[in-house]
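Trainee: Contents are TSV, C-alpha atoms; file name model-v2.tsv:
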chain	number	residue	atom	x	y	z
A	1	MET	CA	91.04	102.86	118.29
A	2	ASP	CA	94.83	103.01	118.07
A	3	VAL	CA	95.77	105.14	115.08
A	4	SER	CA	98.83	105.33	112.84
A	5	VAL	CA	99.10	108.35	110.55
A	6	VAL	CA	101.29	107.62	107.53
A	7	ILE	CA	102.92	110.51	105.64
A	8	VAL	CA	105.18	110.02	102.63
A	9	ASP	CA	107.92	112.56	101.88
A	10	TRP	CA	109.94	113.02	98.72
A	11	HIS	CA	112.36	115.96	98.96
A	12	GLN	CA	109.78	118.27	100.58
A	13	PRO	CA	111.01	118.65	104.20
A	14	GLU	CA	109.30	121.98	104.91
A	15	LEU	CA	105.90	120.78	103.71
A	16	THR	CA	106.33	117.43	105.43
A	17	ARG	CA	107.18	118.99	108.81
A	18	ARG	CA	104.09	121.17	108.48
A	19	ALA	CA	101.93	118.08	107.87
A	20	VAL	CA	103.48	116.20	110.80
A	21	ASP	CA	102.96	119.16	113.14
A	22	SER	CA	99.29	119.37	112.16
A	23	VAL	CA	98.82	115.75	113.23
A	24	ARG	CA	100.78	116.04	116.46
A	25	SER	CA	98.63	118.99	117.55
A	26	GLN	CA	95.38	116.99	117.33
A	27	ARG	CA	93.38	116.24	120.46
A	28	VAL	CA	91.81	112.83	120.20
A	29	ASP	CA	90.84	110.01	122.55
A	30	ALA	CA	93.22	107.50	120.94
A	31	GLU	CA	96.85	106.54	120.86
A	32	VAL	CA	98.27	108.30	117.80
A	33	GLU	CA	101.47	107.17	116.09
A	34	VAL	CA	103.02	109.14	113.22
A	35	VAL	CA	104.90	107.14	110.59
A	36	LEU	CA	107.04	109.15	108.19
A	37	VAL	CA	108.28	107.43	105.04
A	38	VAL	CA	111.17	109.24	103.36
A	39	ASN	CA	111.49	108.27	99.71
A	40	GLU	CA	114.98	108.42	98.21
A	41	ALA	CA	116.32	109.05	101.69
A	42	ASP	CA	119.90	110.21	102.24
A	43	ASP	CA	121.82	110.20	105.51
A	44	ALA	CA	121.58	113.96	106.05
A	45	THR	CA	117.81	114.07	105.55
A	46	VAL	CA	117.23	111.10	107.83
A	47	ALA	CA	119.47	112.58	110.53
A	48	ALA	CA	117.62	115.91	110.37
A	49	TYR	CA	114.22	114.24	110.70
A	50	ARG	CA	115.40	112.09	113.61
A	51	ALA	CA	116.72	115.17	115.40
A	52	ASP	CA	113.59	117.28	114.81
A	53	LEU	CA	110.96	114.55	115.15
A	54	PRO	CA	112.26	112.00	117.67
A	55	SER	CA	108.82	110.58	118.47
A	56	VAL	CA	108.01	109.82	114.84
A	57	VAL	CA	108.49	106.33	113.39
A	58	LEU	CA	110.87	106.95	110.51
A	59	VAL	CA	111.06	104.66	107.48
A	60	ALA	CA	114.05	105.47	105.27
A	61	GLU	CA	113.38	104.20	101.74
A	62	PRO	CA	116.61	104.31	99.69
A	63	THR	CA	114.74	104.46	96.36
A	64	ASN	CA	111.83	106.57	95.19
A	65	ALA	CA	109.05	104.05	95.71
A	66	GLY	CA	106.35	106.56	94.78
A	67	PHE	CA	103.19	107.04	96.79
A	68	ALA	CA	102.01	103.44	96.48
A	69	GLY	CA	105.33	101.95	97.55
A	70	GLY	CA	105.75	104.59	100.24
A	71	VAL	CA	102.43	103.97	101.94
A	72	THR	CA	102.99	100.21	101.69
A	73	ALA	CA	106.25	100.61	103.60
A	74	GLY	CA	104.59	102.96	106.08
A	75	ILE	CA	101.68	100.62	106.76
A	76	ALA	CA	104.10	97.74	107.31
A	77	ALA	CA	105.92	99.82	109.95
A	78	ALA	CA	102.71	101.08	111.59
A	79	SER	CA	101.09	99.46	114.62
A	80	GLY	CA	97.63	101.06	114.69
A	81	HIS	CA	94.38	99.24	114.04
A	82	VAL	CA	93.38	102.27	111.97
A	83	VAL	CA	95.73	103.70	109.37
A	84	VAL	CA	95.28	107.32	108.34
A	85	LEU	CA	96.95	108.49	105.14
A	86	LEU	CA	97.77	112.17	104.87
A	87	ASN	CA	99.52	113.89	101.97
A	88	ASN	CA	102.72	115.63	102.97
A	89	ASP	CA	101.48	118.81	101.22
A	90	ALA	CA	98.33	118.91	103.35
A	91	VAL	CA	97.53	120.23	106.82
A	92	ALA	CA	94.99	118.52	109.07
A	93	ASP	CA	92.40	120.89	110.51
A	94	HIS	CA	91.64	120.86	114.24
A	95	GLY	CA	89.41	117.89	115.01
A	96	PHE	CA	90.37	116.03	111.83
A	97	LEU	CA	91.31	112.78	113.57
A	98	ASP	CA	88.47	112.86	116.09
A	99	ARG	CA	85.79	113.49	113.45
A	100	GLY	CA	87.09	110.97	110.95
A	101	LEU	CA	87.41	108.26	113.59
A	102	GLY	CA	83.88	109.05	114.74
A	103	VAL	CA	82.46	108.36	111.28
A	104	LEU	CA	84.51	105.15	111.03
A	105	ARG	CA	83.15	103.94	114.37
A	106	ALA	CA	79.58	104.91	113.50
A	107	GLY	CA	79.81	103.05	110.20
A	108	GLY	CA	80.24	99.74	111.97
A	109	PRO	CA	82.66	96.88	111.40
A	110	ARG	CA	82.00	96.63	107.64
A	111	THR	CA	83.05	100.22	106.97
A	112	ALA	CA	86.59	99.87	105.62
A	113	ALA	CA	87.40	103.46	104.77
A	114	VAL	CA	86.29	107.02	105.45
A	115	ALA	CA	87.21	109.73	102.99
A	116	ALA	CA	88.00	113.13	104.48
A	117	THR	CA	86.99	116.50	103.05
A	118	VAL	CA	89.94	118.11	101.29
A	119	VAL	CA	89.86	121.84	100.56
A	120	LEU	CA	92.34	123.81	98.50
A	121	GLU	CA	94.77	126.12	100.21
A	122	GLY	CA	94.21	129.81	99.45
A	123	GLY	CA	91.43	131.67	97.66
A	124	PHE	CA	90.16	131.45	94.10
A	125	VAL	CA	88.07	133.60	91.76
A	126	PRO	CA	86.47	132.73	88.41
A	127	ALA	CA	88.77	133.52	85.51
A	128	PRO	CA	87.47	136.31	83.25
A	129	PRO	CA	85.53	134.93	80.27
A	130	GLY	CA	87.69	134.18	77.26
A	131	THR	CA	90.93	134.11	79.23
A	132	SER	CA	93.11	131.20	80.27
A	133	SER	CA	96.33	130.63	82.14
A	134	ALA	CA	98.50	127.56	82.63
A	135	ASP	CA	97.95	127.94	86.38
A	136	ASP	CA	94.13	127.94	86.14
A	137	LEU	CA	92.22	125.07	87.68
A	138	VAL	CA	89.41	123.74	85.49
A	139	ALA	CA	86.17	122.38	86.91
A	140	ALA	CA	84.13	119.55	85.43
A	141	ASP	CA	81.69	122.09	83.97
A	142	GLY	CA	84.55	123.93	82.20
A	143	ARG	CA	84.72	126.88	84.57
A	144	ARG	CA	88.23	128.12	85.18
A	145	TRP	CA	89.35	129.27	88.62
A	146	ARG	CA	92.34	131.48	89.32
A	147	ARG	CA	94.20	132.04	92.58
A	148	ASP	CA	93.35	135.21	94.47
A	149	PRO	CA	93.93	135.75	98.22
A	150	ALA	CA	90.55	137.46	98.48
A	151	GLY	CA	88.76	134.69	96.60
A	152	ARG	CA	86.56	131.79	97.67
A	153	THR	CA	87.57	128.52	99.31
A	154	LEU	CA	87.18	125.61	96.90
A	155	VAL	CA	86.82	121.90	97.59
A	156	ASN	CA	89.59	119.64	96.31
A	157	GLY	CA	87.54	116.50	96.89
A	158	THR	CA	85.22	114.51	99.13
A	159	GLY	CA	86.29	111.10	97.89
A	160	VAL	CA	86.51	109.56	94.43
A	161	VAL	CA	83.96	108.68	91.76
A	162	VAL	CA	84.43	106.66	88.56
A	163	ASP	CA	82.86	106.87	85.11
A	164	ARG	CA	82.21	104.20	82.47
A	165	SER	CA	85.59	104.89	80.88
A	166	GLY	CA	87.37	103.95	84.08
A	167	ASN	CA	88.35	107.55	84.79
A	168	GLY	CA	88.61	108.37	88.47
A	169	ARG	CA	88.05	111.93	89.66
A	170	ASP	CA	87.65	113.84	92.88
A	171	ARG	CA	84.02	114.26	93.87
A	172	ASP	CA	83.13	117.93	94.38
A	173	TRP	CA	86.28	119.07	92.55
A	174	LEU	CA	86.39	122.92	92.60
A	175	ARG	CA	83.01	123.30	94.27
A	176	PRO	CA	82.84	126.49	96.34
A	177	LEU	CA	82.81	125.28	99.93
A	178	GLN	CA	79.45	126.81	100.81
A	179	ASP	CA	77.62	125.51	97.71
A	180	ALA	CA	75.48	122.37	97.72
A	181	PRO	CA	77.59	119.20	97.46
A	182	GLU	CA	77.70	116.95	94.43
A	183	ARG	CA	75.15	114.12	94.52
A	184	THR	CA	77.21	111.52	92.68
A	185	PRO	CA	77.41	108.39	94.88
A	186	LEU	CA	80.78	107.96	96.54
A	187	PHE	CA	82.80	105.10	95.12
A	188	GLY	CA	86.20	105.39	96.78
A	189	PHE	CA	88.66	107.47	98.73
A	190	SER	CA	91.56	109.71	97.87
A	191	GLY	CA	94.85	108.54	99.33
A	192	GLY	CA	95.63	112.12	100.31
A	193	ALA	CA	93.33	112.02	103.36
A	194	VAL	CA	91.61	108.82	104.41
A	195	PHE	CA	90.89	106.63	107.45
A	196	LEU	CA	91.39	102.90	106.77
A	197	ARG	CA	90.68	99.79	108.83
A	198	ARG	CA	93.86	97.77	108.83
A	199	ASP	CA	92.07	94.41	108.69
A	200	ALA	CA	90.04	95.44	105.64
A	201	LEU	CA	93.14	96.67	103.87
A	202	ALA	CA	94.93	93.41	104.63
A	203	GLU	CA	91.99	91.34	103.38
A	204	VAL	CA	92.16	92.89	99.89
A	205	GLY	CA	95.96	92.87	99.66
A	206	GLY	CA	96.81	96.48	100.42
A	207	PHE	CA	98.23	98.97	97.96
A	208	ASP	CA	99.86	97.82	94.73
A	209	PRO	CA	103.43	99.24	94.64
A	210	SER	CA	103.64	98.65	90.89
A	211	LEU	CA	101.24	101.57	90.36
A	212	PHE	CA	103.86	103.96	91.83
A	213	MET	CA	101.57	107.00	91.91
A	214	TYR	CA	98.04	107.88	90.76
A	215	TYR	CA	95.04	105.52	90.75
A	216	GLU	CA	96.53	103.44	93.57
A	217	ASP	CA	93.73	104.67	95.85
A	218	LEU	CA	91.05	103.89	93.27
A	219	ASP	CA	92.52	100.39	92.91
A	220	VAL	CA	92.21	99.70	96.65
A	221	SER	CA	88.75	101.28	96.77
A	222	TRP	CA	87.60	99.05	93.90
A	223	ARG	CA	88.92	95.91	95.60
A	224	LEU	CA	87.23	96.90	98.86
A	225	ARG	CA	83.93	97.35	97.04
A	226	LEU	CA	84.34	93.98	95.32
A	227	ALA	CA	84.92	92.37	98.72
A	228	GLY	CA	81.71	93.88	100.11
A	229	TRP	CA	83.24	96.59	102.30
A	230	GLU	CA	81.67	100.04	102.69
A	231	ILE	CA	83.38	103.39	102.09
A	232	ARG	CA	81.98	106.55	103.67
A	233	HIS	CA	82.70	110.27	103.83
A	234	ALA	CA	83.36	112.45	106.88
A	235	PRO	CA	82.20	115.97	105.93
A	236	ASP	CA	83.74	117.61	109.01
A	237	ALA	CA	87.10	115.84	108.92
A	238	VAL	CA	88.93	118.51	106.93
A	239	VAL	CA	92.43	118.91	105.56
A	240	VAL	CA	93.80	121.86	103.61
A	241	HIS	CA	95.77	120.82	100.56
A	242	ARG	CA	98.40	122.76	98.68
A	243	HIS	CA	97.38	121.37	95.32
A	244	ALA	CA	100.16	119.84	93.18
A	245	ALA	CA	102.90	121.02	95.53
A	246	SER	CA	104.61	117.63	95.41
A	247	SER	CA	104.16	116.48	91.81
A	248	GLY	CA	102.59	119.21	89.66
A	249	SER	CA	99.06	118.96	88.30
A	250	ASP	CA	99.57	118.45	84.57
A	251	SER	CA	103.14	117.33	84.09
A	252	PRO	CA	104.11	114.64	81.55
A	253	LEU	CA	104.62	112.25	84.48
A	254	VAL	CA	101.11	112.89	85.80
A	255	ARG	CA	99.53	112.38	82.38
A	256	TYR	CA	101.47	109.20	81.68
A	257	GLN	CA	100.92	107.62	85.09
A	258	SER	CA	97.22	108.44	84.97
A	259	MET	CA	96.79	106.83	81.53
A	260	ARG	CA	98.88	103.76	82.40
A	261	ASN	CA	97.38	103.17	85.81
A	262	ARG	CA	93.78	103.71	84.72
A	263	LEU	CA	94.32	100.84	82.30
A	264	ALA	CA	96.08	98.70	84.92
A	265	VAL	CA	93.35	99.22	87.53
A	266	VAL	CA	90.52	98.49	85.10
A	267	LEU	CA	92.22	95.33	83.82
A	268	ARG	CA	92.57	94.07	87.38
A	269	ASN	CA	89.16	94.95	88.76
A	270	ALA	CA	86.57	95.41	86.02
A	271	SER	CA	84.31	92.94	84.25
A	272	ALA	CA	85.43	91.71	80.83
A	273	GLY	CA	83.00	93.99	79.00
A	274	PHE	CA	84.00	97.06	80.97
A	275	ALA	CA	87.70	96.33	80.44
A	276	VAL	CA	87.32	95.81	76.68
A	277	ARG	CA	85.49	99.13	76.37
A	278	VAL	CA	88.24	100.96	78.23
A	279	VAL	CA	91.00	99.30	76.19
A	280	LEU	CA	89.27	100.27	72.94
A	281	ARG	CA	88.79	103.87	74.07
A	282	THR	CA	92.44	104.01	75.08
A	283	ALA	CA	93.42	102.80	71.60
A	284	VAL	CA	91.23	105.47	70.00
A	285	ARG	CA	92.89	108.10	72.21
A	286	ALA	CA	96.31	106.88	71.11
A	287	VAL	CA	95.41	107.18	67.42
A	288	ALA	CA	93.98	110.67	67.97
A	289	ASP	CA	97.13	111.77	69.81
A	290	VAL	CA	99.37	110.52	67.03
A	291	LEU	CA	97.28	112.26	64.37
A	292	ARG	CA	96.88	115.52	66.33
A	293	PRO	CA	100.06	115.98	68.39
A	294	SER	CA	99.26	119.63	69.14
A	295	SER	CA	96.33	118.56	71.34
A	296	ALA	CA	97.72	115.20	72.46
A	297	GLN	CA	97.38	113.94	75.99
A	298	LEU	CA	100.50	111.81	75.62
A	299	THR	CA	103.43	112.20	73.24
A	300	ARG	CA	104.35	109.54	70.69
A	301	ALA	CA	107.28	108.55	72.90
A	302	GLN	CA	104.94	108.07	75.86
A	303	TRP	CA	102.52	105.98	73.81
A	304	SER	CA	105.45	103.86	72.62
A	305	ARG	CA	106.48	103.36	76.22
A	306	LEU	CA	102.94	102.36	77.20
A	307	VAL	CA	102.80	99.83	74.36
A	308	ARG	CA	106.07	98.33	75.58
A	309	GLU	CA	104.82	98.15	79.17
A	310	ALA	CA	101.36	96.82	78.27
A	311	PRO	CA	102.23	93.09	78.24
A	312	ALA	CA	103.71	93.29	81.74
A	313	VAL	CA	100.71	95.33	82.95
A	314	LEU	CA	98.34	92.71	81.53
A	315	ARG	CA	100.25	89.79	83.08
A	316	HIS	CA	100.24	91.49	86.47
A	317	ALA	CA	96.50	92.20	86.21
A	318	ARG	CA	95.70	88.61	85.24
A	319	ARG	CA	97.69	87.19	88.17
A	320	ALA	CA	96.03	89.62	90.57
A	321	ARG	CA	92.52	88.83	89.25
A	322	ARG	CA	93.09	85.12	89.79
A	323	ALA	CA	94.36	85.76	93.30
A	324	ASP	CA	91.41	88.06	94.10
A	325	GLY	CA	88.95	85.34	93.01
A	326	VAL	CA	86.02	87.72	92.50
A	327	PRO	CA	83.13	86.30	90.42
A	328	ALA	CA	82.10	88.11	87.24
A	329	ALA	CA	78.64	88.87	88.63
A	330	ALA	CA	80.14	90.74	91.58
A	331	ARG	CA	82.31	92.82	89.24
A	332	ARG	CA	79.28	93.78	87.16
A	333	ALA	CA	77.24	94.63	90.26
A	334	VAL	CA	79.90	97.04	91.53
A	335	GLU	CA	80.13	98.69	88.10
A	336	THR	CA	76.39	99.16	87.91
A	337	ALA	CA	76.35	100.75	91.35
A	338	MET	CA	79.28	103.07	90.66
A	339	THR	CA	78.12	104.31	87.23
A	340	GLY	CA	74.40	104.31	87.87
A	341	GLY	CA	73.98	101.67	85.19
A	342	ASP	CA	74.20	104.25	82.39
Show me, as structure tokens, the structure contained in the file I just sent.

Mentor:
Amino acid sequence: MDVSVVIVDWHQPELTRRAVDSVRSQRVDAEVEVVLVVNEADDATVAAYRADLPSVVLVAEPTNAGFAGGVTAGIAAASGHVVVLLNNDAVADHGFLDRGLGVLRAGGPRTAAVAATVVLEGGFVPAPPGTSSADDLVAADGRRWRRDPAGRTLVNGTGVVVDRSGNGRDRDWLRPLQDAPERTPLFGFSGGAVFLRRDALAEVGGFDPSLFMYYEDLDVSWRLRLAGWEIRHAPDAVVVHRHAASSGSDSPLVRYQSMRNRLAVVLRNASAGFAVRVVLRTAVRAVADVLRPSSAQLTRAQWSRLVREAPAVLRHARRARRADGVPAAARRAVETAMTGGD
């Protein structure tokens, strides 16, 4: 398999060079091409990358196209039959490419994607009971973890799962590495570390640049599932991720993009009943945020912006649904499989 590794940079040259170096040091029985997309590129940055990384295919994007637009440009410039996406704030472990490609090959021609195992950089310890810090990471069970060099290695994710509210989350989020893995069935991949068959990606239309960042990987995963493709996990294909180094983990931008794009992805891919439920729950969340601003997920200004953008989001989703041509029964079948029918 010829492989193209696509990395998107946005004003993080030190992290990006580290990610590129981790790929170039891999030993694998394949032709490996590295494609570096530089968002909001200026002449000085491009010149520096060309001087330091002459063998890398460089895509200079004059605007900030986000992650979705960046990987779209990178895939267009890539030549490999397999496209590997790697976050610029991640480092590929030794054997990452070889092990991920092995799972893709073993999965057969209908395996479209293989999610890698992403672990968090550094060590973590449980936060003392009754304490909290803005830098704590919070697990699904409510446990809080705090950075400590002598602490445990935690999993960032082993792919993506989805609930009945359309919320995507990392499977195994904050699981100590040596503990038993989560049993939730894998639905999709995280765009931070994934192996993708180029033909499968092309069949479902690739990434949607209008999503900019967040949920763009869930959107592609959903469309792959609707088209009958399989998505698997490679436990031993590992990358180490410096969590939120590029965008922050709970910034206003993250919260807004997550709310907006969850709605956009559900409207495009879900059955009518599923979509109505998510829209109603979003409306309830909006009312609660307005009434209780101290605990709001989005500010009033952000909700006003989402209301203004909603008609365009809906029009885009309707056009995409018609183009996808997926029958309602297939949409319901995928939802039943991904939520366990609960």

Trainee: Which residues are close to A:Val204, i.e. within 10 Å by all atoms listed in the file, leaving aside same-chain residues fewer than 4 positions away? Reply as a tab-separated table (two decimals) with C-alpha atoms, in the coordinates of the input.

Mentor:
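Now in part07.tsv:
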chain	number	residue	atom	x	y	z
A	199	ASP	CA	92.07	94.41	108.69
A	200	ALA	CA	90.04	95.44	105.64
A	220	VAL	CA	92.21	99.70	96.65
A	221	SER	CA	88.75	101.28	96.77
A	222	TRP	CA	87.60	99.05	93.90
A	223	ARG	CA	88.92	95.91	95.60
A	224	LEU	CA	87.23	96.90	98.86
A	225	ARG	CA	83.93	97.35	97.04
A	226	LEU	CA	84.34	93.98	95.32
A	227	ALA	CA	84.92	92.37	98.72
A	229	TRP	CA	83.24	96.59	102.30
A	323	ALA	CA	94.36	85.76	93.30
A	324	ASP	CA	91.41	88.06	94.10

Trainee: Which residues come within 10 Å of A:Glu121, counting all atoms listed in the file, excluding same-chain residues fewer than 2 positions away, as a ChimeraX atom specification?

Mentor: /A:89-91,118-119,123-124,147,149,153-156,239-243

Trainee: Give the answer as one residue: which of A:Ser79, A:Ser271, A:Gln178, A:Thr16 has the shortest atom-to-atom distance to A:Ala329, using all atoms listed in the file?

Mentor: A:Ser271

Trainee: Could you tell me which of A:Asn39, A:Glu335, A:Val254, A:Val28 comes closest to A:Gly69 if we count all atoms listed in the file?

Mentor: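 Once distances to A:Gly69 are computed over all atoms listed in the file, the minimum belongs to A:Asn39.
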
Trainee: Which residues, written as an MDAnalysis selection string, have at least one atom at most 10 Å from A:Pro252, with only C-alpha atoms counted and residues fewer than 6 positions away on the same chain left out?

Mentor: chainID A and resid 258 297:299 302

Trainee: Residues near A:Arg164, anyone? I mean within 9 Å using only C-alpha atoms, not counting same-chain ones fewer than 4 positions away, as a list in words.

Mentor: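 Result of the neighbour search: Phe274, Arg277, Val278, Glu335, Met338, Thr339 and Asp342 of chain A.
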
Trainee: Just the number, please: distance in Å from atom CA of A:Pro109 to atom CA of A:Phe207, one decimal.

Mentor: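 Separation between atom CA of A:Pro109 and atom CA of A:Phe207: 20.7 Å.
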
Trainee: Can you pull out the residues contacting A:His316? Cut-off 12 Å, using only C-alpha atoms, and skip same-chain residues under 2 positions away; I want them as a PyMOL selection string.

Mentor: chain A and resi 208-211+263-265+267-269+309-314+318-323

Trainee: Rank nothing, just name the residue among A:Val5, A:Val59, A:Ala283, A:Leu137 nearest to A:Ala73, using only C-alpha atoms.

Mentor: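 The answer is A:Val59, which sits nearest to A:Ala73.
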